[in-house]
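> Here's a structure for you.
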Amino acid sequence: MHRWSQLFIPTLREAPADAEVASHKFLVRAGYIRQLAAGLYSFLFLGNRSMLKIARIVREEMDCIGQEFHLPALHPRELWEASGRWQVMGDSMFRLKDRGARDLCLGMTHEEVMTEIARRELRSYKQLPQIWYQIQSKFRDEPRPKSGLLRLREFMMKDSYSFDLDAAGLDISYQKHYDAYCRIFGRCGLRYIVVEAHSGAMGGSQSHEFMVYTDAGEDLVASCASCGYAANMEMASSKLEAVEDIEATSDVPVEVATPTQKTIEEVASYLGVKSSQVIKSYLAVATYQYANGIAQTPVVVFLRGDHSVNEAKLLTALGEAGFSGADLRPMQADEIRECFGLEPGYIGPVAFFTPIFPVGGGGKWRRPQFYFDLGLKGRRNLIAGANKPGFHMKNVTPDSPSSFRVKDDWWIDLRNAVEGEGCPNCGHPLKFGKAMEIGHIFKLGYKYTESMGARVLDEHGKELTPIMGSYGIGLERILTACIEQNNDENGFWMPANIAPFQVLVTPTNTENEKIKTAAEEIAKALEAVGIDVLLDDRDERPGVKFKDADLVGIPYRINVGKKLAEGQVEVFTRSTSTKVDVAVDAVVRYIEKKLARE
């Protein structure tokens, strides 16, 4: 039996000065964690018990669909170069050298290591499909570690990887993970949503995030209360209301002087139109790795003047165009002049697509990528830059013979959705909410198996490349999300499945032998039926014990006190702050029923 008096549970009355979010404050105050350095935390007794229970749930569900591995955290440079991610990960990766001056890194994730095993060991289609997972520390040189366990430089992660023969097989592996994640987060007592997401540096086609709404979150989620649509802001789309077009003054674009007007707002005000009736240009530089080194490609996006470019959507479009893993930054004014010979502030799509490129700069520039946001499709008689200093154009109609043509693959949804716009599925107004990610699943495709040369033979003896999926869960984030969802001014409460203890037995007066003995017997009886129990046998006032109990997250407390004379004890439910008197000889069965309903 665990006795509080014999344990190290260093509760605090005040939160650290730098703690901003509830989970950070309470995890420190409850004695779950202590900070070692920025982004580095030690898990103490209570915190470690909860983390072990979370890991057990994850392991039990993952064992139903896959096989557990344990891989090195220290990786050779060559492995990450083979996938092309040694440069892509940049400063986020912890890098070091061994005594032989060989480059190494600490693993942020294990796609490369798992793919290397597949490359060496998988030979035949008969060995597929495979789902391999591990629960292990990951390392990221987080630029601004904060909010306790939310932004860490070392964290515990369940990462799994699937290898299939084809896309149909990947669909099955992906769905297995989707369902397993739902079971995991359900068993951990989280109220979560699943949203469409961006794959980021992981690459791949389809991706979903499992999210928990909380003010501590750093992501925005767009959702529809009517049909259930939900997407991360990096992927969210919406239906636009009809916008009034300008009445044509000519059948062709006509130049109009805008002597000093460069911004959308200045041009719209000067010409007496709305910003939604102006075409905005967004120019960026995509830097990426190719066979012979680093290259840079100009990226030109045209969109409505009242809209903004969603960089994640743009990176996805670039990835599909062959620029996977590119870094994106705004194009500088001197670069615009060097590439296109144009003056910033007066750029528009009419006559922009000149065959002379680059105007200057020579071989440092690759051919530009052009995109048009779908918000411009069907619009007529808009205002756009004339590609001439001091001038714009009227009567510009996208994809018309009189203005300019747009290739089919240039039309892409690239804008940021706005709260209140229509749901893309049903048209109901979208709502935005802050959320934190607790899990992420990706369809990676052939990104790693192709680049690293993983091959198997099909039934005809022909080589084929396995298709991959990658799936992650942050264990600290499950703990953090639970506390963010379940707290009040006195502390927090946890679901019994992941709480360090399910029940706390509290004798209110340890000097009273009858109370003390009854509390011991109740704790032993609970333990005998498999309930995880902590006995608070400290020689402290009841108020001190109750305050600590409210703080540390144990879902049920049995108070053994004066009512013992009547054959009763008090059962306190932390989540509702409600009390009920229960007969001593019935309390174990009462607790069993309460736990069975969770």
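Naming scheme: A, B, ... for chains in displayed order of the structure tokens; residues 1 onward per chain; ligands 1 onward as shown.
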Using only C-alpha atoms, determine which residues lie at most 6 Å from stretch 267-282 of chain A, disregarding the query and same-chain residues fewer than 6 positions distant; provide the list as a list in words.
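Within the cut-off, the hits are Gln261, Val300, Val301, Phe302, Leu303, Arg304, Gly305, Asp306, Leu382, Ile383 and Ala384 of chain A.
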> For the residues selected in the previous step, produce a file with N, CA and C atoms as a compact mmCIF listing (two decimals), in the first residue's frame.

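So the final result, stored in out.txt, reads:
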# COMPACT_ATOMS: atom_id res chain seq x y z
N GLN A 261 0.26 55.41 -55.21
CA GLN A 261 -0.55 54.41 -54.51
C GLN A 261 0.01 53.00 -54.80
N VAL A 300 4.86 33.18 -57.37
CA VAL A 300 3.99 34.33 -57.58
C VAL A 300 2.54 33.89 -57.38
N VAL A 301 1.86 34.54 -56.46
CA VAL A 301 0.47 34.21 -56.14
C VAL A 301 -0.38 35.46 -56.36
N PHE A 302 -1.52 35.30 -57.03
CA PHE A 302 -2.50 36.37 -57.17
C PHE A 302 -3.76 35.97 -56.43
N LEU A 303 -4.32 36.92 -55.68
CA LEU A 303 -5.52 36.65 -54.91
C LEU A 303 -6.29 37.93 -54.68
N ARG A 304 -7.47 37.80 -54.09
CA ARG A 304 -8.30 38.97 -53.82
C ARG A 304 -7.60 39.92 -52.86
N GLY A 305 -7.82 41.20 -53.04
CA GLY A 305 -7.15 42.19 -52.23
C GLY A 305 -7.46 42.12 -50.76
N ASP A 306 -8.64 41.60 -50.40
CA ASP A 306 -9.01 41.51 -48.98
C ASP A 306 -8.67 40.15 -48.39
N LEU A 382 -11.82 43.62 -62.58
CA LEU A 382 -11.11 43.94 -61.35
C LEU A 382 -10.00 44.95 -61.61
N ILE A 383 -9.43 45.45 -60.53
CA ILE A 383 -8.27 46.35 -60.58
C ILE A 383 -7.02 45.52 -60.33
N ALA A 384 -5.97 45.75 -61.09
CA ALA A 384 -4.71 45.02 -60.91
C ALA A 384 -3.54 45.92 -61.27
> For stretch 356-368 of chain A, please output as a VMD selection string all residues within 8 Å (counting only C-alpha atoms; exclusion window: fewer than 3 positions along the same chain).
chain A and resid 295 to 300 338 to 341
> Suppose you want the space between atom CA of A:Tyr32 and atom CA of A:Asn497; what is it in Å?
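Distance between the two atoms: 16.7 Å.
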> Which of these residues is nearest to A:Asp539, using only C-alpha atoms: A:Pro507, A:Pro389, A:Gly325, A:Gly561?
A:Pro507
> With a distance cut-off of 7 Å and only C-alpha atoms, select the neighbouring residues of A:Pro500, excluding the residue or stretch itself and same-chain residues fewer than 6 positions from it, and output the selection as a ChimeraX atom specification.
/A:46,49-50,554
> Counting only C-alpha atoms, which residue out of A:Gln127, A:Gln502, A:Asn512, A:Thr11 sits closest to A:Lys594?
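Closest candidate: A:Gln502.
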> Do you have the atom CA of A:Glu484-atom CA of A:Met436 distance handy?
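Going from atom CA of A:Glu484 over to atom CA of A:Met436, I get 10.0 Å.
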> Could you state the separation of atom CA of A:Ser403 and atom CA of A:Val256 in Å, given to one decimal place?
15.2 Å
> Which polymer residues have any atom within 12 Å of an atom of A:Arg85, counting only C-alpha atoms, with same-chain residues fewer than 5 positions away left out, as a CSV table (one decimal) with N, CA, C and O atoms, in the first residue's frame?

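out.csv written:
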chain,number,residue,atom,x,y,z
A,77,ARG,N,24.5,11.3,-39.6
A,77,ARG,CA,24.1,12.3,-40.6
A,77,ARG,C,23.7,11.7,-41.9
A,77,ARG,O,22.7,12.1,-42.5
A,78,GLU,N,24.4,10.6,-42.3
A,78,GLU,CA,24.1,10.1,-43.6
A,78,GLU,C,22.7,9.6,-43.8
A,78,GLU,O,22.1,9.7,-44.9
A,79,LEU,N,22.1,9.1,-42.7
A,79,LEU,CA,20.7,8.6,-42.7
A,79,LEU,C,19.8,9.8,-43.1
A,79,LEU,O,18.9,9.6,-43.9
A,80,TRP,N,19.9,10.9,-42.5
A,80,TRP,CA,19.1,12.1,-42.7
A,80,TRP,C,19.4,12.7,-44.1
A,80,TRP,O,18.5,13.3,-44.7
A,90,GLY,N,17.1,22.2,-40.4
A,90,GLY,CA,17.7,23.4,-39.9
A,90,GLY,C,18.1,23.4,-38.5
A,90,GLY,O,18.5,22.4,-37.9
A,91,ASP,N,17.8,24.5,-37.8
A,91,ASP,CA,18.2,24.7,-36.4
A,91,ASP,C,17.3,24.0,-35.4
A,91,ASP,O,17.6,23.9,-34.2
A,92,SER,N,16.2,23.4,-35.9
A,92,SER,CA,15.4,22.6,-35.0
A,92,SER,C,16.0,21.3,-34.5
A,92,SER,O,15.6,20.7,-33.6
A,93,MET,N,17.1,20.9,-35.3
A,93,MET,CA,17.7,19.6,-35.0
A,93,MET,C,18.9,19.8,-34.1
A,93,MET,O,19.7,20.6,-34.3
A,105,CYS,N,23.1,13.3,-35.0
A,105,CYS,CA,22.0,14.2,-34.5
A,105,CYS,C,21.1,13.4,-33.5
A,105,CYS,O,21.2,12.1,-33.5
A,107,GLY,N,17.4,12.2,-32.6
A,107,GLY,CA,16.2,12.0,-33.4
A,107,GLY,C,15.1,12.9,-33.0
A,107,GLY,O,14.6,12.8,-31.9
A,108,MET,N,14.5,13.6,-34.0
A,108,MET,CA,13.3,14.4,-33.8
A,108,MET,C,12.1,13.5,-34.1
A,108,MET,O,11.0,13.7,-33.6
A,109,THR,N,12.4,12.5,-34.9
A,109,THR,CA,11.4,11.5,-35.4
A,109,THR,C,12.2,10.4,-36.0
A,109,THR,O,13.4,10.5,-36.2
A,110,HIS,N,11.5,9.3,-36.4
A,110,HIS,CA,12.3,8.1,-36.8
A,110,HIS,C,11.9,7.5,-38.2
A,110,HIS,O,12.1,6.3,-38.4
A,111,GLU,N,11.4,8.4,-39.1
A,111,GLU,CA,11.1,7.9,-40.4
A,111,GLU,C,12.3,7.3,-41.1
A,111,GLU,O,12.3,6.2,-41.7
A,112,GLU,N,13.5,8.0,-40.9
A,112,GLU,CA,14.7,7.5,-41.6
A,112,GLU,C,15.1,6.1,-41.0
A,112,GLU,O,15.5,5.2,-41.8
A,201,ALA,N,6.9,19.4,-42.6
A,201,ALA,CA,8.2,18.8,-43.0
A,201,ALA,C,8.1,17.3,-43.1
A,201,ALA,O,9.0,16.7,-43.6
A,202,MET,N,7.0,16.7,-42.6
A,202,MET,CA,6.9,15.2,-42.8
A,202,MET,C,6.6,14.8,-44.2
A,202,MET,O,6.9,13.7,-44.6
A,203,GLY,N,6.0,15.7,-45.0
A,203,GLY,CA,5.7,15.4,-46.3
A,203,GLY,C,4.4,14.6,-46.4
A,203,GLY,O,3.8,14.2,-45.4
A,288,TYR,N,15.1,25.2,-51.8
A,288,TYR,CA,14.9,23.8,-51.6
A,288,TYR,C,16.2,23.1,-52.1
A,288,TYR,O,17.1,23.7,-52.8
A,289,GLN,N,16.3,21.8,-51.7
A,289,GLN,CA,17.5,21.0,-52.0
A,289,GLN,C,17.2,20.2,-53.3
A,289,GLN,O,16.1,19.7,-53.4
A,290,TYR,N,18.2,20.1,-54.2
A,290,TYR,CA,18.1,19.2,-55.3
A,290,TYR,C,19.4,18.5,-55.5
A,290,TYR,O,20.3,18.6,-54.6
A,324,SER,N,9.2,19.6,-52.7
A,324,SER,CA,8.9,19.1,-51.3
A,324,SER,C,10.0,19.5,-50.4
A,324,SER,O,11.2,19.5,-50.7
A,325,GLY,N,9.6,19.9,-49.2
A,325,GLY,CA,10.6,20.4,-48.2
A,325,GLY,C,11.2,21.7,-48.3
A,325,GLY,O,12.1,22.1,-47.7
A,326,ALA,N,10.5,22.5,-49.2
A,326,ALA,CA,11.0,23.9,-49.5
A,326,ALA,C,10.8,24.8,-48.3
A,326,ALA,O,9.9,24.7,-47.5
A,327,ASP,N,11.7,25.8,-48.1
A,327,ASP,CA,11.6,26.9,-47.2
A,327,ASP,C,11.0,28.0,-48.0
A,327,ASP,O,11.4,28.3,-49.1
A,447,LYS,N,7.8,9.3,-50.1
A,447,LYS,CA,8.9,10.2,-49.9
A,447,LYS,C,10.2,9.6,-49.3
A,447,LYS,O,11.3,9.8,-49.8
A,448,TYR,N,10.0,8.7,-48.4
A,448,TYR,CA,11.2,8.1,-47.7
A,448,TYR,C,11.7,6.8,-48.4
A,448,TYR,O,12.9,6.6,-48.6
A,451,SER,N,13.4,7.8,-51.7
A,451,SER,CA,14.7,8.5,-51.6
A,451,SER,C,15.8,7.6,-51.0
A,451,SER,O,17.0,7.7,-51.2
A,452,MET,N,15.3,6.6,-50.1
A,452,MET,CA,16.3,5.8,-49.4
A,452,MET,C,16.4,4.4,-50.0
A,452,MET,O,17.2,3.6,-49.5
> As a CSV table (one decimal) with N, CA and C atoms, in the first residue's frame, please: the residues near A:Thr508 (cut-off 10 Å, only C-alpha atoms, same-chain neighbours under 4 positions excluded).

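Contents of out.csv, as written:
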chain,number,residue,atom,x,y,z
A,512,ASN,N,-6.9,9.3,16.3
A,512,ASN,CA,-8.0,8.5,16.7
A,512,ASN,C,-7.8,7.1,16.1
A,515,ILE,N,-10.6,5.7,13.7
A,515,ILE,CA,-10.5,6.3,12.4
A,515,ILE,C,-9.3,5.8,11.6
A,516,LYS,N,-8.2,5.8,12.3
A,516,LYS,CA,-7.0,5.4,11.6
A,516,LYS,C,-7.1,3.9,11.2
A,519,ALA,N,-9.6,3.6,8.2
A,519,ALA,CA,-9.0,4.1,6.9
A,519,ALA,C,-8.0,3.0,6.4
A,536,ASP,N,-3.6,8.7,2.8
A,536,ASP,CA,-3.0,9.9,3.4
A,536,ASP,C,-2.9,9.8,4.9
A,537,ASP,N,-1.8,9.2,5.3
A,537,ASP,CA,-1.6,8.9,6.7
A,537,ASP,C,-0.8,9.9,7.4
A,538,ARG,N,-0.7,11.1,6.8
A,538,ARG,CA,0.1,12.2,7.4
A,538,ARG,C,-0.5,12.7,8.7
A,539,ASP,N,0.3,13.2,9.6
A,539,ASP,CA,-0.2,13.8,10.8
A,539,ASP,C,-0.4,15.3,10.5
A,540,GLU,N,-1.5,15.6,9.7
A,540,GLU,CA,-1.8,16.9,9.3
A,540,GLU,C,-3.2,17.2,9.6
A,541,ARG,N,-3.6,18.5,9.7
A,541,ARG,CA,-5.0,18.9,9.9
A,541,ARG,C,-5.8,18.5,8.7
A,542,PRO,N,-7.1,18.2,8.8
A,542,PRO,CA,-7.9,17.9,7.7
A,542,PRO,C,-7.9,18.9,6.6
A,543,GLY,N,-7.8,20.2,6.9
A,543,GLY,CA,-7.8,21.2,5.9
A,543,GLY,C,-6.6,21.1,5.0
A,545,LYS,N,-4.9,18.4,4.4
A,545,LYS,CA,-5.0,17.2,3.5
A,545,LYS,C,-6.0,17.4,2.4
A,546,PHE,N,-7.1,18.1,2.7
A,546,PHE,CA,-8.1,18.3,1.6
A,546,PHE,C,-7.6,19.2,0.5
A,559,ASN,N,-13.2,10.2,2.7
A,559,ASN,CA,-12.9,10.9,4.0
A,559,ASN,C,-13.5,10.0,5.2
A,560,VAL,N,-12.6,9.6,6.0
A,560,VAL,CA,-12.9,8.7,7.2
A,560,VAL,C,-12.8,9.6,8.4
A,561,GLY,N,-14.0,9.9,9.0
A,561,GLY,CA,-14.0,10.9,10.1
A,561,GLY,C,-15.1,10.6,11.1
A,562,LYS,N,-15.7,11.6,11.6
A,562,LYS,CA,-16.7,11.5,12.7
A,562,LYS,C,-17.9,10.6,12.4
> DSSP on the backbone: what in stretch 209-337 of chain A comes out strand (DSSP E or B), as a PyMOL selection string?
chain A and resi 209-213+219-223+230-232+239+254-257+278-290+293-304+309+327-330
> Could you list, as a PyMOL selection string, every residue within 12 Å of A:Ala168, counting only C-alpha atoms and ignoring same-chain residues fewer than 6 positions away?
chain A and resi 129+174-175+443+445+466-468
> Could the residues in this selection be saved with N, CA and C atoms as a PDB file, in the first residue's frame?

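For reference, part_29.pdb as written:
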ATOM      1  N   PRO A 129       1.551  -6.163 -45.328  1.00  0.00           N
ATOM      2  CA  PRO A 129       1.900  -4.880 -44.691  1.00  0.00           C
ATOM      3  C   PRO A 129       2.640  -5.065 -43.364  1.00  0.00           C
ATOM      4  N   TYR A 174      -3.836   3.440 -42.351  1.00  0.00           N
ATOM      5  CA  TYR A 174      -4.194   4.781 -41.873  1.00  0.00           C
ATOM      6  C   TYR A 174      -5.461   4.712 -41.016  1.00  0.00           C
ATOM      7  N   GLN A 175      -6.451   3.976 -41.503  1.00  0.00           N
ATOM      8  CA  GLN A 175      -7.702   3.859 -40.756  1.00  0.00           C
ATOM      9  C   GLN A 175      -7.508   3.102 -39.455  1.00  0.00           C
ATOM     10  N   LYS A 443      -0.231  10.375 -44.260  1.00  0.00           N
ATOM     11  CA  LYS A 443       0.049   9.472 -45.372  1.00  0.00           C
ATOM     12  C   LYS A 443       1.299  10.006 -46.069  1.00  0.00           C
ATOM     13  N   GLY A 445       3.271   8.545 -48.308  1.00  0.00           N
ATOM     14  CA  GLY A 445       3.510   8.176 -49.694  1.00  0.00           C
ATOM     15  C   GLY A 445       4.873   7.522 -49.860  1.00  0.00           C
ATOM     16  N   PRO A 466       7.555   0.304 -51.489  1.00  0.00           N
ATOM     17  CA  PRO A 466       6.465   0.336 -50.505  1.00  0.00           C
ATOM     18  C   PRO A 466       6.008   1.771 -50.246  1.00  0.00           C
ATOM     19  N   ILE A 467       4.769   1.907 -49.896  1.00  0.00           N
ATOM     20  CA  ILE A 467       4.194   3.207 -49.553  1.00  0.00           C
ATOM     21  C   ILE A 467       4.067   3.295 -48.034  1.00  0.00           C
ATOM     22  N   MET A 468       4.327   4.484 -47.489  1.00  0.00           N
ATOM     23  CA  MET A 468       4.441   4.639 -46.035  1.00  0.00           C
ATOM     24  C   MET A 468       3.389   5.553 -45.426  1.00  0.00           C
TER      25      MET A 468
END
> Using only C-alpha atoms, which of the listed residues (A:Ile131, A:Leu7, A:Ala312, A:Met393) sits closest to A:Ser160?
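Using only C-alpha atoms, A:Ser160 sits closest to A:Ile131.
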> Please determine, counting only C-alpha atoms, which residue among A:Arg119, A:Asp548, A:Glu520, A:Asp166 has the shortest atom-to-atom distance to A:Leu12.
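The answer is A:Asp548, which sits nearest to A:Leu12.
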> I'd like the contact shell of stretch 135-144 of chain A - 8 Å cut-off, only C-alpha atoms, skipping same-chain residues fewer than 6 positions apart - returned as number ranges by chain.
A: 39, 55, 70, 73, 91-94, 106-109, 151-159
> List every residue of stretch 100-225 of chain A that DSSP, applied to the backbone of this structure, places in helix (DSSP H, G or I), and write the result as number ranges by chain.
A: 111-121, 125-127, 167-187, 200-202
> Would you put the residues from that selection into a file with N, CA and C atoms, as an mmCIF file, in the first residue's frame?

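File result_18.cif, as written:
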data_model
loop_
_atom_site.group_PDB
_atom_site.id
_atom_site.type_symbol
_atom_site.label_atom_id
_atom_site.label_comp_id
_atom_site.auth_asym_id
_atom_site.auth_seq_id
_atom_site.Cartn_x
_atom_site.Cartn_y
_atom_site.Cartn_z
ATOM 1 N N GLU A 111 11.383 8.375 -39.062
ATOM 2 C CA GLU A 111 11.089 7.881 -40.414
ATOM 3 C C GLU A 111 12.322 7.259 -41.061
ATOM 4 N N GLU A 112 13.451 7.955 -40.945
ATOM 5 C CA GLU A 112 14.673 7.485 -41.595
ATOM 6 C C GLU A 112 15.144 6.140 -41.026
ATOM 7 N N VAL A 113 15.111 6.007 -39.706
ATOM 8 C CA VAL A 113 15.589 4.776 -39.087
ATOM 9 C C VAL A 113 14.678 3.602 -39.453
ATOM 10 N N MET A 114 13.369 3.810 -39.373
ATOM 11 C CA MET A 114 12.438 2.745 -39.734
ATOM 12 C C MET A 114 12.572 2.364 -41.211
ATOM 13 N N THR A 115 12.752 3.372 -42.068
ATOM 14 C CA THR A 115 12.886 3.082 -43.492
ATOM 15 C C THR A 115 14.186 2.339 -43.767
ATOM 16 N N GLU A 116 15.236 2.646 -43.017
ATOM 17 C CA GLU A 116 16.504 1.922 -43.168
ATOM 18 C C GLU A 116 16.328 0.444 -42.802
ATOM 19 N N ILE A 117 15.560 0.174 -41.755
ATOM 20 C CA ILE A 117 15.283 -1.226 -41.398
ATOM 21 C C ILE A 117 14.501 -1.899 -42.519
ATOM 22 N N ALA A 118 13.495 -1.204 -43.040
ATOM 23 C CA ALA A 118 12.704 -1.766 -44.140
ATOM 24 C C ALA A 118 13.577 -2.007 -45.366
ATOM 25 N N ARG A 119 14.470 -1.063 -45.660
ATOM 26 C CA ARG A 119 15.347 -1.204 -46.831
ATOM 27 C C ARG A 119 16.239 -2.430 -46.713
ATOM 28 N N ARG A 120 16.719 -2.709 -45.522
ATOM 29 C CA ARG A 120 17.642 -3.827 -45.316
ATOM 30 C C ARG A 120 16.918 -5.171 -45.192
ATOM 31 N N GLU A 121 15.713 -5.160 -44.611
ATOM 32 C CA GLU A 121 15.093 -6.412 -44.197
ATOM 33 C C GLU A 121 13.902 -6.873 -45.034
ATOM 34 N N TYR A 125 6.824 -8.971 -51.271
ATOM 35 C CA TYR A 125 5.471 -8.466 -51.029
ATOM 36 C C TYR A 125 4.776 -9.284 -49.938
ATOM 37 N N LYS A 126 5.238 -10.524 -49.722
ATOM 38 C CA LYS A 126 4.624 -11.380 -48.710
ATOM 39 C C LYS A 126 4.886 -10.861 -47.299
ATOM 40 N N GLN A 127 5.896 -10.005 -47.141
ATOM 41 C CA GLN A 127 6.219 -9.451 -45.831
ATOM 42 C C GLN A 127 5.395 -8.208 -45.498
ATOM 43 N N ALA A 167 -1.567 2.139 -52.392
ATOM 44 C CA ALA A 167 -2.373 3.161 -51.718
ATOM 45 C C ALA A 167 -3.568 2.559 -50.996
ATOM 46 N N ALA A 168 -4.146 1.497 -51.567
ATOM 47 C CA ALA A 168 -5.289 0.848 -50.913
ATOM 48 C C ALA A 168 -4.864 0.252 -49.576
ATOM 49 N N GLY A 169 -3.662 -0.337 -49.545
ATOM 50 C CA GLY A 169 -3.147 -0.869 -48.286
ATOM 51 C C GLY A 169 -2.862 0.224 -47.280
ATOM 52 N N LEU A 170 -2.327 1.347 -47.766
ATOM 53 C CA LEU A 170 -2.067 2.485 -46.879
ATOM 54 C C LEU A 170 -3.367 3.007 -46.281
ATOM 55 N N ASP A 171 -4.429 3.027 -47.073
ATOM 56 C CA ASP A 171 -5.728 3.456 -46.553
ATOM 57 C C ASP A 171 -6.141 2.619 -45.344
ATOM 58 N N ILE A 172 -5.887 1.320 -45.417
ATOM 59 C CA ILE A 172 -6.253 0.421 -44.320
ATOM 60 C C ILE A 172 -5.400 0.708 -43.087
ATOM 61 N N SER A 173 -4.070 0.833 -43.282
ATOM 62 C CA SER A 173 -3.179 1.123 -42.153
ATOM 63 C C SER A 173 -3.519 2.466 -41.519
ATOM 64 N N TYR A 174 -3.836 3.440 -42.351
ATOM 65 C CA TYR A 174 -4.194 4.781 -41.873
ATOM 66 C C TYR A 174 -5.461 4.712 -41.016
ATOM 67 N N GLN A 175 -6.451 3.976 -41.503
ATOM 68 C CA GLN A 175 -7.702 3.859 -40.756
ATOM 69 C C GLN A 175 -7.508 3.102 -39.455
ATOM 70 N N LYS A 176 -6.632 2.107 -39.450
ATOM 71 C CA LYS A 176 -6.325 1.384 -38.209
ATOM 72 C C LYS A 176 -5.775 2.347 -37.164
ATOM 73 N N HIS A 177 -4.881 3.224 -37.593
ATOM 74 C CA HIS A 177 -4.322 4.201 -36.655
ATOM 75 C C HIS A 177 -5.376 5.208 -36.217
ATOM 76 N N TYR A 178 -6.169 5.658 -37.153
ATOM 77 C CA TYR A 178 -7.237 6.605 -36.820
ATOM 78 C C TYR A 178 -8.127 6.024 -35.718
ATOM 79 N N ASP A 179 -8.543 4.783 -35.899
ATOM 80 C CA ASP A 179 -9.421 4.141 -34.920
ATOM 81 C C ASP A 179 -8.698 3.904 -33.594
ATOM 82 N N ALA A 180 -7.423 3.492 -33.676
ATOM 83 C CA ALA A 180 -6.658 3.263 -32.448
ATOM 84 C C ALA A 180 -6.488 4.557 -31.665
ATOM 85 N N TYR A 181 -6.253 5.659 -32.364
ATOM 86 C CA TYR A 181 -6.097 6.951 -31.702
ATOM 87 C C TYR A 181 -7.392 7.357 -31.001
ATOM 88 N N CYS A 182 -8.499 7.118 -31.652
ATOM 89 C CA CYS A 182 -9.789 7.437 -31.029
ATOM 90 C C CYS A 182 -9.965 6.641 -29.733
ATOM 91 N N ARG A 183 -9.577 5.381 -29.758
ATOM 92 C CA ARG A 183 -9.688 4.561 -28.545
ATOM 93 C C ARG A 183 -8.731 5.055 -27.468
ATOM 94 N N ILE A 184 -7.511 5.401 -27.852
ATOM 95 C CA ILE A 184 -6.513 5.881 -26.885
ATOM 96 C C ILE A 184 -6.995 7.151 -26.192
ATOM 97 N N PHE A 185 -7.400 8.130 -26.978
ATOM 98 C CA PHE A 185 -7.793 9.410 -26.384
ATOM 99 C C PHE A 185 -9.104 9.272 -25.610
ATOM 100 N N GLY A 186 -9.969 8.376 -26.059
ATOM 101 C CA GLY A 186 -11.185 8.107 -25.309
ATOM 102 C C GLY A 186 -10.887 7.497 -23.954
ATOM 103 N N ARG A 187 -9.972 6.521 -23.925
ATOM 104 C CA ARG A 187 -9.609 5.876 -22.664
ATOM 105 C C ARG A 187 -8.881 6.832 -21.729
ATOM 106 N N GLY A 200 3.366 19.391 -43.319
ATOM 107 C CA GLY A 200 4.588 20.082 -42.936
ATOM 108 C C GLY A 200 5.833 19.376 -43.432
ATOM 109 N N ALA A 201 6.868 19.383 -42.585
ATOM 110 C CA ALA A 201 8.157 18.806 -42.962
ATOM 111 C C ALA A 201 8.097 17.294 -43.097
ATOM 112 N N MET A 202 6.982 16.673 -42.642
ATOM 113 C CA MET A 202 6.860 15.228 -42.759
ATOM 114 C C MET A 202 6.600 14.825 -44.203
#
> Which residue is closest to A:Glu421? Choose from A:Ser83, A:Ser207, A:Thr449, A:Ser237 and count only C-alpha atoms.
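Distance minimum relative to A:Glu421 lands on A:Ser237.
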